[in-house]
$ cat my_file_36.tsv   # TSV, C-alpha atoms and all ligand atoms
chain	number	residue	atom	x	y	z
A	1363	MET	CA	-3.74	27.06	29.06
A	1364	GLU	CA	-6.52	28.66	27.07
A	1365	LEU	CA	-5.68	30.56	23.90
A	1366	ILE	CA	-7.49	33.91	23.70
A	1367	GLU	CA	-7.90	35.85	20.49
A	1368	ILE	CA	-9.49	39.18	19.66
A	1369	ASP	CA	-11.59	39.72	16.56
A	1370	LEU	CA	-10.89	42.21	13.79
A	1371	LYS	CA	-13.35	44.86	15.04
A	1372	TRP	CA	-10.51	46.76	16.68
A	1373	ARG	CA	-9.09	47.69	13.30
A	1374	ASN	CA	-12.10	49.92	12.63
A	1375	SER	CA	-12.94	50.98	16.17
A	1376	LYS	CA	-12.37	54.48	17.42
A	1377	GLN	CA	-10.24	54.57	20.52
A	1378	GLN	CA	-11.07	56.88	23.40
A	1379	GLN	CA	-8.16	59.21	24.05
A	1380	LEU	CA	-7.45	61.21	27.17
A	1381	ASP	CA	-7.76	64.40	25.19
A	1382	GLN	CA	-11.35	63.57	24.21
A	1383	ILE	CA	-14.07	63.56	26.80
A	1384	PRO	CA	-16.06	60.34	26.44
A	1385	LYS	CA	-19.74	60.51	25.78
A	1386	ALA	CA	-21.62	61.08	29.00
A	1387	GLU	CA	-22.19	57.96	31.06
A	1388	THR	CA	-24.54	58.59	33.92
A	1389	SER	CA	-24.36	55.30	35.74
A	1390	ILE	CA	-22.01	52.37	35.81
A	1391	ARG	CA	-22.91	49.35	33.74
A	1392	LYS	CA	-23.24	46.14	35.73
A	1393	VAL	CA	-22.49	42.92	33.88
A	1394	SER	CA	-24.17	39.75	35.15
A	1395	GLY	CA	-22.82	36.34	34.22
A	1396	GLU	CA	-19.71	35.54	32.29
A	1397	ILE	CA	-18.27	37.94	29.72
A	1398	SER	CA	-15.84	36.80	27.05
A	1399	TYR	CA	-12.47	38.42	26.54
A	1400	VAL	CA	-13.55	39.72	23.12
A	1401	ASP	CA	-16.73	41.30	24.49
A	1402	PHE	CA	-14.84	42.93	27.36
A	1403	PHE	CA	-12.23	44.18	24.91
A	1404	ASN	CA	-14.78	45.65	22.47
A	1405	GLU	CA	-17.33	47.01	24.96
A	1406	PHE	CA	-15.21	48.29	27.84
A	1407	MET	CA	-11.44	48.12	27.52
A	1408	GLN	CA	-11.02	49.63	24.06
A	1409	PRO	CA	-13.68	52.39	24.51
A	1410	ASN	CA	-12.34	53.00	28.07
A	1411	ILE	CA	-15.69	52.65	29.86
A	1412	PRO	CA	-16.02	51.50	33.51
A	1413	CYS	CA	-18.12	48.54	34.58
A	1414	ILE	CA	-18.78	46.18	37.45
A	1415	PHE	CA	-18.83	42.42	37.01
A	1416	LYS	CA	-21.42	40.84	39.23
A	1417	SER	CA	-20.37	37.29	38.37
A	1418	GLU	CA	-18.80	35.59	41.33
A	1419	ILE	CA	-15.23	35.61	40.02
A	1420	VAL	CA	-14.11	35.68	43.64
A	1421	ASP	CA	-16.11	32.62	44.75
A	1422	LYS	CA	-13.50	30.14	43.56
A	1423	TRP	CA	-10.60	31.99	45.16
A	1424	ARG	CA	-8.72	30.62	48.13
A	1425	SER	CA	-8.80	34.11	49.65
A	1426	LYS	CA	-12.61	33.89	49.76
A	1427	THR	CA	-12.53	30.53	51.56
A	1428	ASP	CA	-9.75	31.41	53.99
A	1429	TRP	CA	-10.12	35.15	54.63
A	1430	VAL	CA	-13.89	35.42	55.07
A	1431	ASP	CA	-15.96	33.85	57.86
A	1432	ASP	CA	-19.46	32.34	57.66
A	1433	ARG	CA	-21.06	35.75	58.24
A	1434	GLY	CA	-19.19	37.28	55.28
A	1435	LYS	CA	-16.86	39.22	57.61
A	1436	PRO	CA	-13.04	39.20	57.60
A	1437	ASN	CA	-11.64	36.10	59.29
A	1438	PHE	CA	-9.29	37.97	61.61
A	1439	ASP	CA	-7.92	34.86	63.33
A	1440	PHE	CA	-6.88	33.28	60.06
A	1441	LEU	CA	-5.36	36.49	58.71
A	1442	ALA	CA	-3.37	37.17	61.88
A	1443	LYS	CA	-2.19	33.58	62.23
A	1444	THR	CA	-1.14	33.18	58.59
A	1445	PHE	CA	0.16	36.61	57.58
A	1446	GLY	CA	0.58	38.35	60.94
A	1447	ASP	CA	4.36	38.63	60.84
A	1448	SER	CA	4.40	40.32	57.45
A	1449	VAL	CA	4.81	44.09	57.23
A	1450	ALA	CA	2.42	46.17	55.10
A	1451	PRO	CA	1.84	49.86	54.36
A	1452	VAL	CA	-0.96	51.34	56.46
A	1453	ALA	CA	-2.52	54.72	55.74
A	1454	ASN	CA	-4.00	56.99	58.35
A	1455	CYS	CA	-7.19	58.17	56.68
A	1456	SER	CA	-7.43	61.09	59.07
A	1457	GLN	CA	-4.00	62.51	58.23
A	1458	GLN	CA	-3.19	64.24	54.97
A	1459	TYR	CA	0.31	63.92	53.50
A	1460	PHE	CA	0.73	66.17	50.45
A	1461	ASN	CA	-2.08	65.05	48.17
A	1462	ALA	CA	-2.43	61.59	49.74
A	1463	GLN	CA	-2.71	60.06	53.20
A	1464	LYS	CA	0.13	59.57	55.65
A	1465	LYS	CA	1.40	56.00	55.38
A	1466	ASP	CA	3.61	53.92	57.67
A	1467	ASP	CA	4.69	50.29	57.69
A	1468	MET	CA	2.96	48.10	60.27
A	1469	ARG	CA	2.91	44.40	61.12
A	1470	VAL	CA	-0.26	42.80	59.82
A	1471	ASN	CA	-1.14	41.34	63.26
A	1472	LYS	CA	-0.90	44.82	64.81
A	1473	PHE	CA	-3.25	46.13	62.16
A	1474	ILE	CA	-5.71	43.27	62.75
A	1475	GLU	CA	-5.64	43.99	66.51
A	1476	TYR	CA	-6.37	47.65	65.79
A	1477	TRP	CA	-9.20	46.72	63.40
A	1478	LYS	CA	-10.90	44.35	65.91
A	1479	LYS	CA	-10.76	47.00	68.61
A	1480	TYR	CA	-12.07	49.67	66.23
A	1481	ILE	CA	-15.11	47.46	65.52
A	1482	GLN	CA	-15.62	46.72	69.24
A	1483	ASP	CA	-15.56	50.46	69.94
A	1484	GLY	CA	-18.26	51.04	67.32
A	1485	TYR	CA	-16.10	52.64	64.58
A	1486	PRO	CA	-15.47	55.87	66.52
A	1487	THR	CA	-15.18	58.83	64.15
A	1488	SER	CA	-13.21	60.65	66.86
A	1489	GLU	CA	-10.35	58.15	66.50
A	1490	GLN	CA	-7.92	57.73	63.65
A	1491	CYS	CA	-9.11	55.38	60.94
A	1492	LEU	CA	-6.38	53.11	59.55
A	1493	TYR	CA	-6.37	51.44	56.14
A	1494	LEU	CA	-3.93	48.70	55.07
A	1495	LYS	CA	-3.33	49.31	51.38
A	1496	ASP	CA	-0.99	48.75	48.46
A	1497	TRP	CA	0.23	45.56	50.13
A	1498	HIS	CA	2.30	43.55	47.62
A	1499	PHE	CA	0.69	40.35	48.74
A	1500	SER	CA	1.76	38.02	45.89
A	1501	ARG	CA	5.35	39.17	46.21
A	1502	ASN	CA	5.29	38.48	49.95
A	1503	PHE	CA	3.46	35.14	49.74
A	1504	PRO	CA	4.31	33.65	46.33
A	1505	GLU	CA	3.36	30.13	47.47
A	1506	TYR	CA	-0.08	31.10	48.75
A	1507	ASP	CA	-2.47	30.98	45.81
A	1508	ALA	CA	-4.89	33.69	47.02
A	1509	TYR	CA	-6.60	34.37	43.66
A	1510	LYS	CA	-6.40	34.00	39.90
A	1511	CYS	CA	-6.20	37.07	37.72
A	1512	PRO	CA	-9.45	37.00	35.68
A	1513	GLU	CA	-8.84	36.08	32.05
A	1514	ILE	CA	-10.40	39.35	30.77
A	1515	PHE	CA	-7.59	41.32	32.46
A	1516	SER	CA	-4.78	39.10	31.22
A	1517	SER	CA	-3.18	41.41	28.64
A	1518	ASP	CA	-1.05	43.13	31.26
A	1519	TRP	CA	2.15	44.74	29.98
A	1520	LEU	CA	3.05	46.28	33.33
A	1521	ASN	CA	3.31	43.05	35.26
A	1522	GLU	CA	4.74	41.25	32.19
A	1523	TYR	CA	7.61	43.76	31.97
A	1524	TRP	CA	8.37	44.11	35.65
A	1525	SER	CA	8.14	40.41	36.42
A	1526	ALA	CA	10.68	39.75	33.61
A	1527	LYS	CA	12.92	42.51	34.97
A	1528	GLY	CA	12.60	41.03	38.46
A	1529	GLY	CA	11.42	44.35	39.89
A	1530	ASP	CA	8.20	45.66	41.29
A	1531	ASP	CA	4.72	44.35	40.72
A	1532	TYR	CA	1.38	46.14	40.60
A	1533	LYS	CA	-0.69	43.53	42.44
A	1534	PHE	CA	-2.15	44.59	45.76
A	1535	VAL	CA	-4.33	43.66	48.71
A	1536	TYR	CA	-6.39	46.31	50.54
A	1537	MET	CA	-8.03	45.76	53.95
A	1538	GLY	CA	-9.89	48.38	55.89
A	1539	PRO	CA	-12.69	49.01	58.35
A	1540	LYS	CA	-15.98	50.61	57.50
A	1541	GLY	CA	-15.21	54.31	57.07
A	1542	SER	CA	-11.71	53.96	55.62
A	1543	TRP	CA	-11.25	55.61	52.23
A	1544	THR	CA	-8.86	56.47	49.40
A	1545	PRO	CA	-8.63	60.09	48.22
A	1546	LEU	CA	-9.25	61.25	44.69
A	1547	HIS	CA	-6.46	60.18	42.32
A	1548	VAL	CA	-5.69	58.79	38.90
A	1549	ASP	CA	-3.84	55.49	38.70
A	1550	VAL	CA	-0.09	55.12	38.27
A	1551	PHE	CA	1.05	55.45	34.61
A	1552	THR	CA	-2.57	56.31	33.74
A	1553	SER	CA	-3.08	52.56	33.84
A	1554	PHE	CA	-6.30	50.57	34.14
A	1555	SER	CA	-7.15	48.92	37.41
A	1556	TRP	CA	-9.39	46.08	38.44
A	1557	SER	CA	-10.45	45.56	42.02
A	1558	ALA	CA	-12.40	42.62	43.44
A	1559	ASN	CA	-14.16	42.64	46.81
A	1560	VAL	CA	-13.29	39.44	48.64
A	1561	CYS	CA	-15.70	40.68	51.30
A	1562	GLY	CA	-17.39	43.95	52.20
A	1563	GLN	CA	-18.66	46.86	50.14
A	1564	LYS	CA	-17.09	49.89	48.47
A	1565	ARG	CA	-18.54	53.04	47.04
A	1566	TRP	CA	-16.66	54.52	44.10
A	1567	ILE	CA	-16.94	57.84	42.39
A	1568	LEU	CA	-15.43	57.86	38.92
A	1569	PHE	CA	-14.73	60.97	36.86
A	1570	PRO	CA	-14.38	60.69	33.07
A	1571	PRO	CA	-11.09	62.01	31.63
A	1572	GLY	CA	-11.26	65.75	31.17
A	1573	THR	CA	-13.53	66.43	34.16
A	1574	GLU	CA	-10.54	66.50	36.53
A	1575	LYS	CA	-9.90	70.07	35.33
A	1576	LYS	CA	-13.12	71.05	37.10
A	1577	LEU	CA	-12.08	69.17	40.25
A	1578	LYS	CA	-8.75	70.91	40.80
A	1579	ASN	CA	-8.34	74.14	42.77
A	1580	LYS	CA	-6.47	77.23	41.52
A	1581	LEU	CA	-3.12	75.66	42.46
A	1582	GLY	CA	-3.95	72.59	40.40
A	1583	ASP	CA	-4.47	70.35	43.47
A	1584	LEU	CA	-7.21	67.74	43.67
A	1585	PRO	CA	-9.53	67.81	46.68
A	1586	ASN	CA	-8.22	65.69	49.52
A	1587	GLN	CA	-11.19	65.30	51.79
A	1588	ARG	CA	-13.48	62.42	52.69
A	1589	GLU	CA	-16.65	64.21	51.69
A	1590	LEU	CA	-16.88	65.72	48.22
A	1591	SER	CA	-19.14	68.69	47.56
A	1592	ASP	CA	-22.37	68.20	45.60
A	1593	ASP	CA	-20.86	70.26	42.80
A	1594	LEU	CA	-18.03	67.77	42.46
A	1595	LEU	CA	-20.23	64.73	42.91
A	1596	LYS	CA	-22.42	65.72	40.00
A	1597	GLU	CA	-19.42	65.54	37.64
A	1598	GLY	CA	-18.86	61.85	38.39
A	1599	ILE	CA	-20.50	58.45	38.36
A	1600	VAL	CA	-21.21	56.88	41.74
A	1601	ALA	CA	-21.02	53.11	41.85
A	1602	ASP	CA	-21.66	50.66	44.69
A	1603	GLN	CA	-19.58	47.51	44.57
A	1604	PHE	CA	-20.72	44.61	46.74
A	1605	ALA	CA	-18.99	41.50	48.07
A	1606	GLY	CA	-17.81	39.26	45.25
A	1607	GLU	CA	-18.07	41.98	42.60
A	1608	THR	CA	-15.18	43.24	40.48
A	1609	ILE	CA	-14.84	46.76	39.13
A	1610	PHE	CA	-12.97	47.81	35.99
A	1611	VAL	CA	-11.54	51.34	36.36
A	1612	PRO	CA	-10.58	52.71	32.94
A	1613	SER	CA	-7.42	54.64	32.14
A	1614	GLY	CA	-7.28	58.31	33.11
A	1615	TRP	CA	-10.53	58.22	35.10
A	1616	HIS	CA	-9.95	59.93	38.47
A	1617	HIS	CA	-11.63	58.13	41.35
A	1618	GLN	CA	-12.25	58.25	45.08
A	1619	VAL	CA	-13.18	55.16	47.08
A	1620	TRP	CA	-14.95	54.61	50.41
A	1621	ASN	CA	-15.26	51.34	52.33
A	1622	VAL	CA	-18.92	51.19	53.31
A	1623	GLU	CA	-18.35	47.95	55.26
A	1624	ASP	CA	-15.28	46.18	56.63
A	1625	THR	CA	-13.72	45.30	53.30
A	1626	ILE	CA	-10.93	43.20	51.83
A	1627	SER	CA	-10.12	43.65	48.16
A	1628	ILE	CA	-7.53	42.48	45.66
A	1629	ASN	CA	-6.52	44.73	42.81
A	1630	HIS	CA	-4.06	45.06	39.95
A	1631	ASN	CA	-2.93	48.06	37.98
A	1632	TRP	CA	-2.23	47.12	34.42
A	1633	LEU	CA	-1.86	48.62	31.01
A	1634	ASN	CA	-1.83	47.38	27.43
A	1635	GLY	CA	-2.40	48.44	23.82
A	1636	CYS	CA	-5.82	49.90	24.66
A	1637	CYS	CA	-4.41	52.58	26.97
A	1638	VAL	CA	-0.69	52.82	26.27
A	1639	ARG	CA	-1.20	56.03	24.28
A	1640	ASN	CA	-2.82	57.60	27.36
A	1641	SER	CA	0.15	56.51	29.47
A	1642	TRP	CA	2.55	58.11	27.03
A	1643	LEU	CA	0.56	61.37	26.78
A	1644	SER	CA	0.46	61.64	30.58
A	1645	LEU	CA	4.18	61.00	30.87
A	1646	GLU	CA	4.86	63.63	28.24
A	1647	GLN	CA	2.59	66.02	30.15
A	1648	GLY	CA	4.44	65.06	33.35
A	1649	LEU	CA	7.75	66.07	31.77
A	1650	LYS	CA	6.31	69.41	30.68
A	1651	SER	CA	5.22	70.12	34.28
A	1652	VAL	CA	8.68	69.17	35.61
A	1653	GLU	CA	10.36	71.40	33.02
A	1654	LYS	CA	8.11	74.27	34.02
A	1655	GLU	CA	9.01	73.77	37.69
A	1656	LEU	CA	12.73	73.65	36.90
A	1657	ALA	CA	12.65	76.40	34.27
A	1658	ASP	CA	14.67	78.76	36.50
A	1659	CYS	CA	17.77	76.58	36.22
A	1660	SER	CA	17.41	75.56	32.58
A	1661	ASP	CA	20.91	76.85	31.79
A	1662	MET	CA	22.58	74.42	34.19
A	1663	ASP	CA	24.60	71.47	32.87
A	1664	ALA	CA	22.61	68.32	32.16
A	1665	TRP	CA	19.30	70.08	32.81
A	1666	SER	CA	17.36	67.59	30.65
A	1667	GLU	CA	18.83	64.67	32.60
A	1668	GLN	CA	17.83	66.39	35.87
A	1669	CYS	CA	14.30	66.77	34.55
A	1670	GLN	CA	14.21	63.05	33.71
A	1671	LEU	CA	15.40	62.22	37.24
A	1672	VAL	CA	12.62	64.29	38.74
A	1673	LEU	CA	10.12	62.76	36.31
A	1674	LYS	CA	11.16	59.27	37.46
A	1675	ALA	CA	10.67	60.32	41.10
A	1676	VAL	CA	7.21	61.79	40.46
A	1677	ALA	CA	5.79	59.52	37.79
A	1678	GLY	CA	7.66	56.29	38.65
A	1679	ILE	CA	9.26	56.04	35.20
A	1680	ASP	CA	11.39	58.20	32.89
A	1681	PHE	CA	11.52	58.34	29.09
A	1682	LYS	CA	14.41	55.89	28.79
A	1683	GLU	CA	12.67	53.25	30.87
A	1684	PHE	CA	9.38	53.84	29.06
A	1685	LEU	CA	11.14	53.19	25.75
A	1686	ASP	CA	12.78	50.06	27.16
A	1687	PHE	CA	9.35	48.91	28.35
A	1688	LEU	CA	7.77	49.40	24.89
A	1689	LEU	CA	10.61	47.68	23.08
A	1690	PHE	CA	10.53	44.74	25.50
A	1691	ILE	CA	6.79	44.28	24.99
A	1692	ALA	CA	7.27	44.60	21.22
A	1693	ARG	CA	9.95	41.88	21.18
A	1694	GLN	CA	7.61	39.38	22.87
A	1695	ARG	CA	4.94	40.10	20.22
A	1696	ILE	CA	7.40	39.77	17.36
A	1697	ILE	CA	8.40	36.32	18.65
A	1698	CYS	CA	4.72	35.40	18.74
A	1699	LEU	CA	4.02	36.64	15.22
A	1700	ASP	CA	7.06	34.87	13.88
A	1701	GLY	CA	5.33	31.72	15.05
A	1702	GLU	CA	7.87	30.64	17.60
A	1703	SER	CA	5.53	30.62	20.59
A	1704	PRO	CA	2.15	32.07	21.55
A	1705	LEU	CA	2.09	35.08	23.79
A	1706	SER	CA	2.00	33.98	27.41
A	1707	ALA	CA	-0.16	36.26	29.56
A	1708	GLY	CA	-0.72	35.15	33.14
A	1709	ASN	CA	-2.92	32.07	33.06
A	1710	THR	CA	-3.68	32.43	29.36
A	1711	LEU	CA	-2.10	32.66	25.93
A	1712	LEU	CA	-2.87	35.49	23.53
A	1713	GLY	CA	-3.25	34.87	19.81
A	1714	LYS	CA	-1.56	36.42	16.79
A	1715	GLU	CA	-4.23	39.03	16.08
A	1716	HIS	CA	-3.68	40.26	19.63
A	1717	ALA	CA	0.07	40.43	19.07
A	1718	TYR	CA	-0.59	42.39	15.85
A	1719	PHE	CA	-2.89	44.78	17.69
A	1720	ASP	CA	-0.29	45.31	20.43
A	1721	LEU	CA	2.47	46.01	17.92
A	1722	SER	CA	0.38	48.49	15.98
A	1723	LYS	CA	-0.35	50.41	19.22
A	1724	ILE	CA	3.34	50.38	20.11
A	1725	VAL	CA	4.12	51.86	16.68
A	1726	ASP	CA	1.64	54.71	17.34
A	1727	VAL	CA	3.36	55.55	20.62
A	1728	LEU	CA	6.92	55.13	19.33
A	1729	GLU	CA	6.11	57.60	16.55
A	1730	LEU	CA	4.94	60.13	19.14
A	1731	PHE	CA	7.99	59.38	21.26
A	1732	TYR	CA	10.37	59.82	18.31
A	1733	LYS	CA	8.88	63.20	17.46
A	1734	ILE	CA	9.98	64.68	20.75
A	1735	THR	CA	12.97	62.45	21.55
A	1736	PRO	CA	14.58	61.24	18.33
A	1737	ASN	CA	17.01	58.46	19.17
A	1738	PRO	CA	18.44	55.41	17.38
A	1739	ASP	CA	16.88	52.77	19.70
A	1740	CYS	CA	13.45	54.16	19.07
A	1741	ASP	CA	14.08	54.45	15.34
A	1742	ASN	CA	15.47	50.92	15.02
A	1743	GLY	CA	12.55	49.55	17.05
A	1744	LEU	CA	10.07	51.35	14.83
A	1745	GLN	CA	11.62	50.07	11.61
A	1746	LEU	CA	11.71	46.50	12.88
A	1747	ILE	CA	8.11	46.51	14.10
A	1748	LYS	CA	6.85	48.07	10.88
A	1749	GLU	CA	8.68	45.40	8.89
A	1750	VAL	CA	7.08	42.66	10.99
A	1751	LEU	CA	3.60	44.22	10.70
A	1752	GLY	CA	4.10	44.49	6.94
A	1753	LYS	CA	4.56	40.72	6.76
A	1754	TYR	CA	1.22	40.08	8.50
A	1755	PRO	CA	-1.21	42.59	7.01
A	1756	SER	CA	-4.31	40.50	7.63
A	1757	SER	CA	-3.22	37.74	9.96
B	1	LIG	O1	-9.95	50.36	47.17
B	1	LIG	C1	-9.40	51.45	47.37
B	1	LIG	O2	-9.44	52.02	48.45
B	1	LIG	C2	-8.66	52.15	46.24
B	1	LIG	C3	-8.44	51.27	45.04
B	1	LIG	C4	-8.09	52.04	43.82
B	1	LIG	O3	-7.94	53.23	43.80
B	1	LIG	C5	-7.92	51.30	42.56
B	1	LIG	O4	-8.12	50.08	42.51
B	1	LIG	O5	-7.60	51.96	41.54
$ encode --input "my_file_36.tsv" --output "C-alpha cells"
Amino acid sequence: MELIEIDLKWRNSKQQQLDQIPKAETSIRKVSGEISYVDFFNEFMQPNIPCIFKSEIVDKWRSKTDWVDDRGKPNFDFLAKTFGDSVAPVANCSQQYFNAQKKDDMRVNKFIEYWKKYIQDGYPTSEQCLYLKDWHFSRNFPEYDAYKCPEIFSSDWLNEYWSAKGGDDYKFVYMGPKGSWTPLHVDVFTSFSWSANVCGQKRWILFPPGTEKKLKNKLGDLPNQRELSDDLLKEGIVADQFAGETIFVPSGWHHQVWNVEDTISINHNWLNGCCVRNSWLSLEQGLKSVEKELADCSDMDAWSEQCQLVLKAVAGIDFKEFLDFLLFIARQRIICLDGESPLSAGNTLLGKEHAYFDLSKIVDVLELFYKITPNPDCDNGLQLIKEVLGKYPSS
C-alpha cells in the first residue's frame, strides 16, 4: 500500500468556510493527466473549489470493462444477468416528493427492461422518466470489484467511521437514461462528493456556498424543477462531464445534475479535515431550524432531546453521534501519531503530518461543539488531543 503524506503548506493556508463566499469562479477547472494527492489537497480540497479530472481513472475499472459495450453504451445484458435480482431505489424524475423526487424500490432487471424500452420508444418526454440512484452497490456486491476509490479521495472519515461501526456506507451507483436528472440539493452532512462517469455524459450546475440564499423562494425552499431560470443559471457554474471523467463537488456547493446521455456513474460522499467545520456549522444550523419549528412546545419535558431526535431524522445525525464520530476519528489519528501504525485509508496509508492536520481540525470543531454543548466526553477528548498535538509540534 502506498503511503501518502501532505506537505506543510496547510499550516499557513486559509480555509474556505461556508460563511465566506469563495472568490468568483466562472468555469470549472479541468485537470488533464495525473494529479498528486498533495496538489489536489492544496489546489482543490482545502480551498473547496470544484474540478473535473479528465484522466481516465475509470479505464482500469472492472465496471468499465463489464458494464459498457463496444459503442460506449450501457451493457444491458450483462447488468441484468449479473445484478438483475438485486433491489435498488429508483426515482421518478417526473414526480416531486417534498423537495426531492418520488423514489421506490425496484428490481434491477425491471429497471433495465424499462430503460431499454424507453430508448426504443425514443425517450418520450410524455412518459415518466425513471432514474436508478443511491444504489449501495458495494454493500450489495462486496465480492465484485467494480472500481477503486481514487487515491486523491482517500481521506474519507465518513466511510471510515461507518464501516467500523458496521452501519451504512456512502458509496453509490447511479444509472439513468438520457433526460433523467437530480434536483438542486447540497450533499448529506455538507460533505464532498466525487462522481465518475463509467459511461455517458452529465451536465452539472454548481452554486458556490452563499448563493443558495438567492436560489430559495420566500418559504426557504429550493427550486425543484428540471429547467432552471436564466436568473438562477447565472449564479452558478455549468460543467459538462464526459465518459471517463470524474468530478469533485466541494462541500456546501448546491448542485443540480442532468444526464445528457444514457449514463452510469459511481460516486462517494465523504468528508475529512478540510470540510468538517462546514459539516458542524450546518448541523448546528440544522438544530436551530428544528428548535424554531418546535418552539411552540419548548416547555415540554425533554424538549432538547426531542429536538435532537428530529435533527437525526432530518440531517441523518444528531449531536451525540457527531461527537462520537469525531472522537472515533481522533483516536485513529492518535494511534498513528504515537507510531503504532500508519493511518489506513481505503487503498492507501496516510502519513503523520496528515494525522496531525486531521487532529488539529477536530480540535477546532470540538471547541465550537463545547461552546454550545459543554459535556465531559467532549472536554476529555479535547484535552487528550491537545496533549498529543503538543508532543508533535513540527512532526
Ligand atoms: O449524478 C447525479 O444525478 C447526482 C449526483 C450527485 O448529486 C452527487 O454526486 O453529489
$ residues_near_ligand --input "my_file_36.tsv" --ligand "ligand LIG 1 (chain B)" --cutoff "8 Å" --atoms "all atoms listed in the file" --output "JSON, numbers by chain"
{"A": [1495, 1536, 1542, 1543, 1544, 1547, 1548, 1549, 1554, 1555, 1556, 1557, 1564, 1611, 1617, 1618, 1619, 1620, 1621, 1627, 1629, 1630, 1631]}
$ closest_residue --input "my_file_36.tsv" --among "A:Lys1596, A:Lys1527, A:Arg1695, A:Arg1433" --to "Glu1715 in chain A" --atoms "only C-alpha atoms"
A:Arg1695
$ atom_distance --input "my_file_36.tsv" --atom1 "CA of Val1430 in chain A" --atom2 "CA of Ile1626 in chain A"
8.9 Å
$ closest_residue --input "my_file_36.tsv" --among "A:Ile1390, A:Val1727, A:Val1452, A:Ile1734" --to "Val1638 in chain A" --atoms "all atoms listed in the file"
A:Val1727
$ residues_around --input "my_file_36.tsv" --residues "range 1685-1688 of chain A" --least-positions-apart "2" --cutoff "12 Å" --atoms "only C-alpha atoms" --output "PyMOL selection string"
chain A and resi 1519-1527+1633-1635+1638-1639+1641-1642+1645+1679-1683+1690-1695+1720-1732+1735-1744+1747
$ closest_residue --input "my_file_36.tsv" --among "A:Asp1700, A:Glu1655, A:Asp1602, A:Asp1663" --to "Leu1751 in chain A" --atoms "only C-alpha atoms"
A:Asp1700
$ residues_around --input "my_file_36.tsv" --residues "range 1496-1507 of chain A" --least-positions-apart "4" --cutoff "8 Å" --atoms "only C-alpha atoms" --output "PyMOL selection string"
chain A and resi 1424+1448+1450-1451+1531-1536
$ atom_distance --input "my_file_36.tsv" --atom1 "CA of Cys1561 in chain A" --atom2 "CA of Val1420 in chain A"
9.3 Å
$ residues_around --input "my_file_36.tsv" --residues "Ile1599 in chain A" --least-positions-apart "4" --cutoff "8 Å" --atoms "all atoms listed in the file" --output "list of chain:residue names"
A:Glu1387, A:Thr1388, A:Ser1389, A:Ile1390, A:Trp1566, A:Ile1567, A:Leu1568, A:Phe1569, A:Leu1595
$ write_last_selection --input "my_file_36.tsv" --atoms "C-alpha atoms" --output "PDB file, in the coordinates of the input"
ATOM      1  CA  GLU A1387     -22.190  57.960  31.060  1.00  0.00           C
ATOM      2  CA  THR A1388     -24.540  58.590  33.920  1.00  0.00           C
ATOM      3  CA  SER A1389     -24.360  55.300  35.740  1.00  0.00           C
ATOM      4  CA  ILE A1390     -22.010  52.370  35.810  1.00  0.00           C
ATOM      5  CA  TRP A1566     -16.660  54.520  44.100  1.00  0.00           C
ATOM      6  CA  ILE A1567     -16.940  57.840  42.390  1.00  0.00           C
ATOM      7  CA  LEU A1568     -15.430  57.860  38.920  1.00  0.00           C
ATOM      8  CA  PHE A1569     -14.730  60.970  36.860  1.00  0.00           C
ATOM      9  CA  LEU A1595     -20.230  64.730  42.910  1.00  0.00           C
TER      10      LEU A1595
END
